[in-house]
Amino acid sequence: MTRTPASTALKPRTIDAGNLRSDLDLSKAELNAVLDLAASVKQRPAEHRKALEGKYVSLLFEKPSLRTRLTFELAAKQLGADSVLSTGAIGGREPIKDVARNLERWTHCIVARTFAQDTVDSLAEWAKIPVVNALSDMYHPCQALADMQTLKERWGELPGHKLAFVGDGNNVAHSLLLDCARLGADVAVVTPPGFEPDESIVRMANEFAAESKSKVTVTNDCPEGLRGADAIYTDVWASMGQEQEWNERARLFAAYQLNADLYSMVRPNALVMHCLPAHRDEEVTDEILELPSSVIFDQAENRLHAQKALLLMLMAGSGGKP
Ligand code: CP
Ligand code: NVA
């Protein structure tokens, strides 16, 4: 008689906050647990294929998306669940508190891409189901999870390594600051004057870094910020909703383009990262994006695995919600 081998799947633990409104909803232990589960889900996807059978995810997208929307749709389907989509302003036709209390009657989780962070926070305040931030003007926590997974694949653990982000001190920069500092990687954000990350985020990142004995640098000086970096990351100069500022930003950001000159300031063969979509030959040259050390499509792939882990942790149990 053949014995069925014991499952090697990690059991998803739950996330205390019951939501991912921002990176701050995950404790360091929970962040590590999501990343461990993401690695396991990536290696053995079949072990979770019925984990969320019969459940539904509401996708609310106020802004465009390729990666986030499709990877959440795929994540739900690959876990035995399904998703429904609504685009357009959240809270435009009716109050957000009513939107939240409709969705909780039909579905088991809300994934929302918003302009204001308040919209995500209000959904979470009113819905009795988990709410996930799929990018707001302030944070992009799902992106940062996939990025941390990508870095762990390359580096093993993060302490002893440095990630430098160059460009706008935006939502992606905020989430990277918080997660890198939490996990013990040195992190630098290099921006033109006036485009630094939010002070409150830098303060929190510094608190996390003090605990994990890593270093946070925020500077306008490229050589200072990029020196010693094992990974260099950039993002668009004008985020969604800021398109009308593009011409002005292009002028102010020109010296911060990720090109061969900037790449010469980081460690040889440093990883090249971008959350995508990339504007080639604007914030980053095509040449740098196409280097063998570019991991941009690993990042994109890991969106799927990291979000599967996240949905498992939020939806498989009660998820910390009543
Ligand atoms: N990186 C990212 O969030 O891509 P989308 O805007 O296509 O979802
Ligand atoms: N900072 C960008 C990220 C896109 C994935 C934006 O908010 O548009």
# chains A, B, ... in the order shown; residues from 1 in each chain; ligands from 1
call {"tool": "residues_around", "arguments": {"residues": "range 91-104 of chain A", "least_positions_apart": "5", "cutoff": "6 Å", "atoms": "only C-alpha atoms", "output": "JSON list (two decimals) with N, CA and C atoms, in the first residue's frame"}}
result
[["chain", "number", "residue", "atom", "x", "y", "z"],
["A", 123, "LEU", "N", -12.98, 51.75, 3.48],
["A", 123, "LEU", "CA", -13.50, 50.42, 3.12],
["A", 123, "LEU", "C", -13.23, 49.44, 4.26],
["A", 126, "TRP", "N", -15.44, 49.92, 7.34],
["A", 126, "TRP", "CA", -16.85, 49.56, 7.23],
["A", 126, "TRP", "C", -17.11, 48.11, 6.84],
["A", 127, "ALA", "N", -16.15, 47.48, 6.14],
["A", 127, "ALA", "CA", -16.41, 46.12, 5.67],
["A", 127, "ALA", "C", -16.02, 45.10, 6.73],
["A", 129, "ILE", "N", -15.18, 42.19, 5.91],
["A", 129, "ILE", "CA", -14.31, 41.26, 5.18],
["A", 129, "ILE", "C", -12.94, 41.94, 5.00]]
call {"tool": "closest_atom_pairs", "arguments": {"of": "chain A", "to": "ligand 1", "cutoff": "9 Å", "atoms": "only C-alpha atoms and all ligand atoms", "output": "CSV"}}
result
residue,atom,partner,partner_atom_place_in_ligand_line,distance
A:Lys63,CA,ligand 1,6 (O),8.1
A:Pro64,CA,ligand 1,6 (O),6.3
A:Ser65,CA,ligand 1,8 (O),3.8
A:Leu66,CA,ligand 1,7 (O),3.4
A:Arg67,CA,ligand 1,7 (O),3.9
A:Thr68,CA,ligand 1,8 (O),3.6
A:Arg69,CA,ligand 1,8 (O),5.9
A:Leu70,CA,ligand 1,8 (O),7.8
A:Thr71,CA,ligand 1,8 (O),8.4
A:Arg113,CA,ligand 1,8 (O),8.8
A:Ala134,CA,ligand 1,3 (O),7.5
A:Leu135,CA,ligand 1,3 (O),6.9
A:His140,CA,ligand 1,3 (O),7.5
A:Cys142,CA,ligand 1,3 (O),8.0
A:Gln143,CA,ligand 1,1 (N),6.2
A:Val172,CA,ligand 1,1 (N),8.9
A:Met240,CA,ligand 1,6 (O),8.8
A:His274,CA,ligand 1,1 (N),8.0
A:Cys275,CA,ligand 1,1 (N),4.4
A:Leu276,CA,ligand 1,1 (N),4.8
A:Pro277,CA,ligand 1,4 (O),6.0
A:Gln299,CA,ligand 1,1 (N),8.7
A:Ala300,CA,ligand 1,1 (N),7.2
A:Arg303,CA,ligand 1,1 (N),8.4
call {"tool": "residues_around", "arguments": {"residues": "Ala39 in chain A", "least_positions_apart": "2", "cutoff": "12 Å", "atoms": "only C-alpha atoms", "output": "NGL selection string"}}
result
:A and (9-10 or 32-37 or 41-45 or 145-146 or 148-153 or 156 or 301-310)
call {"tool": "residues_around", "arguments": {"residues": "range 204-216 of chain A", "least_positions_apart": "3", "cutoff": "8 Å", "atoms": "only C-alpha atoms", "output": "compact mmCIF listing (two decimals) with N, CA and C atoms, in the first residue's frame"}}
result
# COMPACT_ATOMS: atom_id res chain seq x y z
N PRO A 159 19.45 41.23 5.35
CA PRO A 159 20.49 41.97 6.05
C PRO A 159 21.85 41.81 5.36
N LEU A 177 10.64 51.40 1.47
CA LEU A 177 11.31 51.89 2.68
C LEU A 177 10.87 51.08 3.89
N LEU A 178 9.55 50.91 4.02
CA LEU A 178 9.02 50.23 5.20
C LEU A 178 9.41 48.76 5.23
N ALA A 181 13.42 48.23 5.56
CA ALA A 181 13.89 48.55 6.92
C ALA A 181 13.42 47.48 7.90
N ARG A 182 12.20 47.01 7.72
CA ARG A 182 11.65 45.98 8.60
C ARG A 182 12.45 44.68 8.49
N LEU A 183 12.85 44.34 7.25
CA LEU A 183 13.54 43.07 7.03
C LEU A 183 15.05 43.18 7.17
N GLY A 184 15.56 44.38 7.45
CA GLY A 184 16.98 44.51 7.77
C GLY A 184 17.89 44.82 6.60
N ALA A 185 17.32 45.18 5.43
CA ALA A 185 18.17 45.62 4.32
C ALA A 185 18.43 47.12 4.48
N ASP A 186 19.62 47.56 4.10
CA ASP A 186 19.85 49.00 4.00
C ASP A 186 19.03 49.50 2.83
N VAL A 187 18.47 50.70 2.96
CA VAL A 187 17.63 51.23 1.88
C VAL A 187 17.90 52.73 1.73
N ALA A 188 18.09 53.14 0.48
CA ALA A 188 18.30 54.56 0.19
C ALA A 188 17.25 55.01 -0.80
N SER A 200 6.67 61.17 7.56
CA SER A 200 6.20 60.20 8.56
C SER A 200 6.64 58.78 8.18
N ILE A 201 6.70 58.51 6.89
CA ILE A 201 7.15 57.17 6.46
C ILE A 201 8.65 57.01 6.74
call {"tool": "select_by_dssp", "arguments": {"residues": "range 170-313 of chain A", "states": "strand (DSSP E)", "output": "ChimeraX atom specification"}}
result
/A:186-190,216-219,231-234,271-274
